[in-house]
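Asker: Mind looking over this structure? Questions follow.
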Amino acid sequence: MPADSASLEVRATDRRPWLPHWLTSESPLPWLLPAAALMAVFGIYPLIYAVTLSLYKKNAATRKMVFDPTHNWTKILSDERVWNAIYNTFLYTGVALVFQLVLGMLIALLLDSDRKGYGVLRAMMTLPLVIPPAVTGMMFLLMLNGSFGVLSRGLIAMGVFPPGFSILGTANTAMAGVLLAEIWQWTPFMVLIMLAGLRSLPKEPFEAAAIDGATAFQAFFKLTLPMMSKVIAIAVLIRGIDLFRAFDYVKVMTDSGPGTATETLTSYAGRIYFGNADFPYASTIALLTLIIVILVSTAFMKAFKVKL
Amino acid sequence: MESSRPLRIVRDVTAVTVVGIFMFPIFWWALTSIKPISAIFDKDRVNFFDFTPTFINYGVTLFGQSRSQLAIDQGIGMGVGGAEAYDSRQSIMESVIVSLGATAITMAVAVFAAYAISRMMFRGRSHYLNWVLGQRFMPPIAILVPLVTIYKTAGLRDTDNLYMGYFGLMMIYALMNLPIAVLLMKSFLDDVPKDVDEAAMIDGATRFQTFRKVVLPMVKGGIAASAVLVFIFSWTEFLLSLFLTTEIRTVPVKIQTFVTSTGNEWGFIAALGTAAIIPSFVFILLVQKNLVRGLTLGSLKE
């Protein structure tokens, strides 16, 4: 066909013959380069810098940096606060995940209905997700205030705590207080994902099960859960990564306190940074966080065969 | 599944109660924001509605009203002066600038990368994708400490040059949002059949022309949804802004300064907090349909 061959002759590549091929839009390079440059300059370079930094020892008196590759990494092993922070980080991540997952699934099952009004309820459930976590932290700080906080007053009235009890000011309960804000804000995340999962399930197996006389519980454990396993795994992975770097609520509500009761890895690194300005050690702990995240999430992805 | 009427009523009541419990904190903050000081600090009871509503908290934080006016109005002799410290208009402006800038940069970079990943076959494609995804796994703290030093040497600190400070913060927000933007855009682009591109290119269009004239208009909705999510994540970010900038105070950082040694200004905190969540609420309702896809980096669709 003459028309086609005519247009083929002015093929794109020939329009700017002076351009090398790899610079034209036919080559993937120009498309990928801007994002790659952003990642290289603002991601990889600082990361390499952090690794180098962790190999130096900062002399507290002279404030000079001395090359001493093992200093910070061995210091971690003997630093009790690091172990405390690791414990707190895992505790925080684990407890929040369990609550968010279970509550999220239950609420999703509850709201999965096509009847009137349920759409509005589902839309309302998404609202906590978009509040700045630092603002959420402040608001829970207000509500948990020992003398006039509405939640504290409620719990005291119910006899859970003695009058004037400060939930965030007591070492044993501070973590629970911080977790309350975390769970409140991010349970809707799980609700949304579980709802999407539930809505994508095929109807037939459930109809068949109903005919066979299966109860709702049997249907849930034998059908819903297994079919949702991929969705649940993705949700747990994404949420877990975010939980592990918990900072905002801890910083705002307790500032890692009282003492080190709510100190997580990220907040400990921040404390060293702001406190004694030992940048190499702060970097080392930040890198330790990264290493743990990579190890745990890779293991999780392997074990549950998840791919994002 | 839902057979009997009483069962349905039980479900409705439970659903409304559960959602109500989740809405309670937001309601309480909004309520606190219009309370006078005496009602906020009521130590005798939990004060729900027994107060005269006041808008002074919004006046001080959002309209630059003087704080001493508040003291006079309420007949309390506390907190004279320091009015500017609570005027948050500047912070809101700064937050808007940083969030918009970061969104623009992220989307500009991400759409191109996502197009190549979605449409072209090249060596190292999966490596590139993993590299992008890897940014999502990295805790920001890991690069924060060196970044402060790097920004100092590169002149990207806001204390040296305000514009460079904005730029620096926008770039790091762009990096943090890159995975979600790239993967989300890839998922939207994958929805457009490749025949569309091939047809255009057979007609003699270059890759770029195909992209701009044919594919881009077809993913407009996806770009809007991704941009909204990136904006929200930038708007709510706290850690990076806290460490990297001193002059530029985004709203989440600004609100922390209301915690003072002489006591926390709960009225102002509640007012600014309530005001800060309104833009996000509006936006989230706009992207309701694509929210799940966004939150799971494109791996789940609703």
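We label chains A, B, ... in the order they appear in the structure tokens, count residues from 1 in each chain, and number ligands from 1 in the order shown.
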List as a PyMOL selection string the protein and nucleic acid residues near stretch 249-252 of chain B, meaning an atom at most 9 Å away when only C-alpha atoms are counted, but skip any in the same chain fewer than 5 places from it.
Answerer: (chain A and resi 132-135) or (chain B and resi 88+90-96+98+235-238+241-242+272-273+276)
Asker: Put those residues in a file: N, CA and C atoms, as a PDB file, in the first residue's frame.
Answerer:
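What landed in result.pdb:
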```pdb
ATOM      1  N   PRO A 132      -2.183  14.203  59.093  1.00  0.00           N
ATOM      2  CA  PRO A 132      -0.746  14.098  59.372  1.00  0.00           C
ATOM      3  C   PRO A 132      -0.524  13.342  60.685  1.00  0.00           C
ATOM      4  N   PRO A 133       0.280  12.267  60.674  1.00  0.00           N
ATOM      5  CA  PRO A 133       0.502  11.501  61.907  1.00  0.00           C
ATOM      6  C   PRO A 133       0.981  12.359  63.067  1.00  0.00           C
ATOM      7  N   ALA A 134       1.767  13.391  62.758  1.00  0.00           N
ATOM      8  CA  ALA A 134       2.240  14.251  63.844  1.00  0.00           C
ATOM      9  C   ALA A 134       1.079  14.994  64.497  1.00  0.00           C
ATOM     10  N   VAL A 135       0.044  15.309  63.704  1.00  0.00           N
ATOM     11  CA  VAL A 135      -1.151  15.964  64.253  1.00  0.00           C
ATOM     12  C   VAL A 135      -1.958  14.951  65.057  1.00  0.00           C
TER      13      VAL A 135
ATOM     14  N   SER B  88      -0.127  30.877  61.947  1.00  0.00           N
ATOM     15  CA  SER B  88       0.387  29.770  61.145  1.00  0.00           C
ATOM     16  C   SER B  88       0.218  29.977  59.653  1.00  0.00           C
ATOM     17  N   GLN B  90       1.969  31.579  57.533  1.00  0.00           N
ATOM     18  CA  GLN B  90       3.243  31.366  56.854  1.00  0.00           C
ATOM     19  C   GLN B  90       3.519  29.874  56.663  1.00  0.00           C
ATOM     20  N   SER B  91       3.295  29.114  57.737  1.00  0.00           N
ATOM     21  CA  SER B  91       3.536  27.670  57.680  1.00  0.00           C
ATOM     22  C   SER B  91       2.641  26.984  56.671  1.00  0.00           C
ATOM     23  N   ILE B  92       1.395  27.410  56.631  1.00  0.00           N
ATOM     24  CA  ILE B  92       0.457  26.793  55.683  1.00  0.00           C
ATOM     25  C   ILE B  92       0.929  27.055  54.262  1.00  0.00           C
ATOM     26  N   MET B  93       1.350  28.304  54.007  1.00  0.00           N
ATOM     27  CA  MET B  93       1.884  28.650  52.687  1.00  0.00           C
ATOM     28  C   MET B  93       3.068  27.752  52.345  1.00  0.00           C
ATOM     29  N   GLU B  94       4.000  27.638  53.316  1.00  0.00           N
ATOM     30  CA  GLU B  94       5.205  26.840  53.088  1.00  0.00           C
ATOM     31  C   GLU B  94       4.846  25.375  52.806  1.00  0.00           C
ATOM     32  N   SER B  95       3.894  24.853  53.580  1.00  0.00           N
ATOM     33  CA  SER B  95       3.457  23.471  53.367  1.00  0.00           C
ATOM     34  C   SER B  95       2.876  23.299  51.975  1.00  0.00           C
ATOM     35  N   VAL B  96       2.057  24.260  51.561  1.00  0.00           N
ATOM     36  CA  VAL B  96       1.428  24.175  50.235  1.00  0.00           C
ATOM     37  C   VAL B  96       2.506  24.210  49.152  1.00  0.00           C
ATOM     38  N   VAL B  98       5.756  23.472  49.342  1.00  0.00           N
ATOM     39  CA  VAL B  98       6.583  22.254  49.335  1.00  0.00           C
ATOM     40  C   VAL B  98       5.799  21.074  48.765  1.00  0.00           C
ATOM     41  N   TRP B 235       2.075  16.400  52.274  1.00  0.00           N
ATOM     42  CA  TRP B 235       1.388  17.299  53.219  1.00  0.00           C
ATOM     43  C   TRP B 235       1.489  16.766  54.646  1.00  0.00           C
ATOM     44  N   THR B 236       1.490  15.425  54.803  1.00  0.00           N
ATOM     45  CA  THR B 236       1.467  14.862  56.142  1.00  0.00           C
ATOM     46  C   THR B 236       2.865  14.504  56.661  1.00  0.00           C
ATOM     47  N   GLU B 237       3.896  14.699  55.837  1.00  0.00           N
ATOM     48  CA  GLU B 237       5.240  14.270  56.223  1.00  0.00           C
ATOM     49  C   GLU B 237       5.775  15.076  57.408  1.00  0.00           C
ATOM     50  N   PHE B 238       6.518  14.421  58.277  1.00  0.00           N
ATOM     51  CA  PHE B 238       6.969  15.092  59.494  1.00  0.00           C
ATOM     52  C   PHE B 238       8.473  14.966  59.722  1.00  0.00           C
ATOM     53  N   SER B 241      11.001  16.922  57.275  1.00  0.00           N
ATOM     54  CA  SER B 241      10.863  18.365  57.446  1.00  0.00           C
ATOM     55  C   SER B 241      11.451  18.806  58.788  1.00  0.00           C
ATOM     56  N   LEU B 242      11.242  17.975  59.803  1.00  0.00           N
ATOM     57  CA  LEU B 242      11.754  18.305  61.136  1.00  0.00           C
ATOM     58  C   LEU B 242      13.278  18.373  61.155  1.00  0.00           C
ATOM     59  N   LEU B 272      -5.470  24.469  64.459  1.00  0.00           N
ATOM     60  CA  LEU B 272      -4.578  24.250  63.313  1.00  0.00           C
ATOM     61  C   LEU B 272      -4.675  22.804  62.829  1.00  0.00           C
ATOM     62  N   GLY B 273      -4.775  21.873  63.768  1.00  0.00           N
ATOM     63  CA  GLY B 273      -4.912  20.459  63.408  1.00  0.00           C
ATOM     64  C   GLY B 273      -6.162  20.221  62.577  1.00  0.00           C
ATOM     65  N   ALA B 276      -5.721  21.665  59.203  1.00  0.00           N
ATOM     66  CA  ALA B 276      -4.736  20.943  58.384  1.00  0.00           C
ATOM     67  C   ALA B 276      -5.312  19.690  57.747  1.00  0.00           C
TER      68      ALA B 276
END
```
Asker: Using only C-alpha atoms, which residues sit within 6 Å of A:Gly137 once same-chain residues fewer than 3 positions away are excluded, as a VMD selection string?
Answerer: chain A and resid 134 140 249 252 to 253
Asker: Filtering to N, CA and C atoms, could you give me those residues as a compact mmCIF listing (two decimals), in the first residue's frame?
Answerer:
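Result went into again.txt, see below:
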```txt
# COMPACT_ATOMS: atom_id res chain seq x y z
N ALA A 134 1.77 13.39 62.76
CA ALA A 134 2.24 14.25 63.84
C ALA A 134 1.08 14.99 64.50
N PHE A 140 -4.02 12.82 70.26
CA PHE A 140 -4.12 11.74 71.24
C PHE A 140 -3.42 12.15 72.54
N TYR A 249 4.59 9.28 65.96
CA TYR A 249 3.79 9.22 67.18
C TYR A 249 4.69 9.22 68.41
N VAL A 252 6.22 12.70 69.02
CA VAL A 252 5.25 13.71 69.43
C VAL A 252 4.65 13.40 70.80
N MET A 253 4.32 12.14 71.04
CA MET A 253 3.54 11.82 72.23
C MET A 253 4.40 11.61 73.47
```
Asker: Select from stretch 39-119 of chain A everything DSSP, run on the backbone, classes as helix (DSSP H, G or I), then give the selection as a PyMOL selection string.
Answerer: chain A and resi 39-53+71-78+80-111+118-119
Asker: So that I can see what lies close to B:Phe41, please list as an MDAnalysis selection string the residues with an atom at most 9 Å from it, counting only C-alpha atoms and leaving out residues fewer than 4 positions away in the same chain.
Answerer: (chainID A and resid 147:149) or (chainID B and resid 36:37 266)
Asker: Okay, now the selection with C-alpha atoms, as an mmCIF file, in the first residue's frame?
Answerer:
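Result written to result.cif:
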```cif
data_model
loop_
_atom_site.group_PDB
_atom_site.id
_atom_site.type_symbol
_atom_site.label_atom_id
_atom_site.label_comp_id
_atom_site.auth_asym_id
_atom_site.auth_seq_id
_atom_site.Cartn_x
_atom_site.Cartn_y
_atom_site.Cartn_z
ATOM 1 C CA SER A 147 -6.104 15.520 84.250
ATOM 2 C CA PHE A 148 -8.450 16.606 81.456
ATOM 3 C CA GLY A 149 -8.044 14.149 78.562
ATOM 4 C CA PRO B 36 -12.614 28.523 75.272
ATOM 5 C CA ILE B 37 -9.611 27.715 77.456
ATOM 6 C CA TRP B 266 -4.443 23.002 73.128
#
```
Asker: Using only C-alpha atoms, which of the listed residues (B:Val215, B:Leu169, B:Ala275, B:Leu285) sits closest to chain A?
Answerer: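 The shortest atom-to-atom distance to chain A comes from B:Leu285.
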Asker: So which residues touch B:Gly155 within 9 Å, counting only C-alpha atoms, skipping near sequence neighbours fewer than 5 positions away, as a list in words?
Answerer: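 In the requested form, the answer reads Ile150, Asp160, Asn161, Met164 and Gly165 of chain B.
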Asker: When you draw a straight line from atom CA of B:Leu178 to atom CA of B:Ala110, how long is it in Å?
Answerer: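 It comes out at 6.5 Å.
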Asker: Skip stretch 281-287 of chain A itself and residues of its chain fewer than 3 positions away, then list as an MDAnalysis selection string all residues within 10 Å of it, counting only C-alpha atoms.
Answerer: (chainID A and resid 47 49:58 71:73 75:76 82 85 245 265:274 276:278 290:293) or (chainID B and resid 138:146)
Asker: Go ahead and save the residues from that selection, with C-alpha atoms, as an mmCIF file, in the first residue's frame.
Answerer:
```
data_model
loop_
_atom_site.group_PDB
_atom_site.id
_atom_site.type_symbol
_atom_site.label_atom_id
_atom_site.label_comp_id
_atom_site.auth_asym_id
_atom_site.auth_seq_id
_atom_site.Cartn_x
_atom_site.Cartn_y
_atom_site.Cartn_z
ATOM 1 C CA LEU A 47 23.197 5.967 51.670
ATOM 2 C CA TYR A 49 27.699 8.504 52.692
ATOM 3 C CA ALA A 50 25.903 6.962 55.671
ATOM 4 C CA VAL A 51 27.882 3.753 55.316
ATOM 5 C CA THR A 52 31.152 5.706 55.218
ATOM 6 C CA LEU A 53 30.048 7.784 58.171
ATOM 7 C CA SER A 54 29.371 4.653 60.199
ATOM 8 C CA LEU A 55 33.018 3.646 59.751
ATOM 9 C CA TYR A 56 34.270 6.721 61.542
ATOM 10 C CA LYS A 57 34.591 7.368 65.226
ATOM 11 C CA LYS A 58 33.716 10.762 66.555
ATOM 12 C CA HIS A 71 34.023 1.209 66.569
ATOM 13 C CA ASN A 72 30.314 1.958 65.941
ATOM 14 C CA TRP A 73 29.337 -1.532 64.903
ATOM 15 C CA LYS A 75 29.368 -0.318 70.134
ATOM 16 C CA ILE A 76 25.908 -1.386 68.963
ATOM 17 C CA VAL A 82 19.972 -0.454 71.027
ATOM 18 C CA ALA A 85 15.044 -0.050 70.880
ATOM 19 C CA ARG A 245 10.257 2.977 60.999
ATOM 20 C CA LEU A 265 15.248 2.400 66.507
ATOM 21 C CA THR A 266 14.322 5.464 64.479
ATOM 22 C CA SER A 267 13.632 7.617 67.508
ATOM 23 C CA TYR A 268 16.866 6.493 69.174
ATOM 24 C CA ALA A 269 18.831 7.492 66.075
ATOM 25 C CA GLY A 270 17.019 10.837 66.121
ATOM 26 C CA ARG A 271 17.792 11.294 69.792
ATOM 27 C CA ILE A 272 21.516 10.698 69.260
ATOM 28 C CA TYR A 273 21.422 13.061 66.331
ATOM 29 C CA PHE A 274 19.772 15.902 68.221
ATOM 30 C CA ASN A 276 25.018 14.482 71.436
ATOM 31 C CA ALA A 277 25.395 15.066 67.677
ATOM 32 C CA ASP A 278 27.323 11.813 67.279
ATOM 33 C CA LEU A 290 17.555 -0.535 57.196
ATOM 34 C CA ILE A 291 19.358 -3.886 57.432
ATOM 35 C CA ILE A 292 16.666 -5.355 59.688
ATOM 36 C CA VAL A 293 13.903 -4.073 57.387
ATOM 37 C CA MET B 138 14.265 2.364 53.023
ATOM 38 C CA PRO B 139 13.534 4.059 56.338
ATOM 39 C CA PRO B 140 14.059 7.818 55.762
ATOM 40 C CA ILE B 141 16.244 7.980 58.856
ATOM 41 C CA ALA B 142 18.910 5.924 57.040
ATOM 42 C CA ILE B 143 19.702 8.766 54.663
ATOM 43 C CA LEU B 144 18.722 11.671 56.893
ATOM 44 C CA VAL B 145 21.866 12.076 58.911
ATOM 45 C CA PRO B 146 24.218 12.273 55.895
#
```
Asker: Using only C-alpha atoms, which residues sit within 12 Å of B:Ile40 once same-chain residues fewer than 3 positions away are excluded, as a PyMOL selection string?
Answerer: (chain A and resi 142-143+145+147-150) or (chain B and resi 28-37+43-54+57+264-270)
Asker: When you look at B:Ala85 with a cut-off of 9 Å (counting only C-alpha atoms), what residues show up, excluding the ones that are within fewer than 5 positions of it in the same chain? I need them as a ChimeraX atom specification.
Answerer: /B:61,257-258
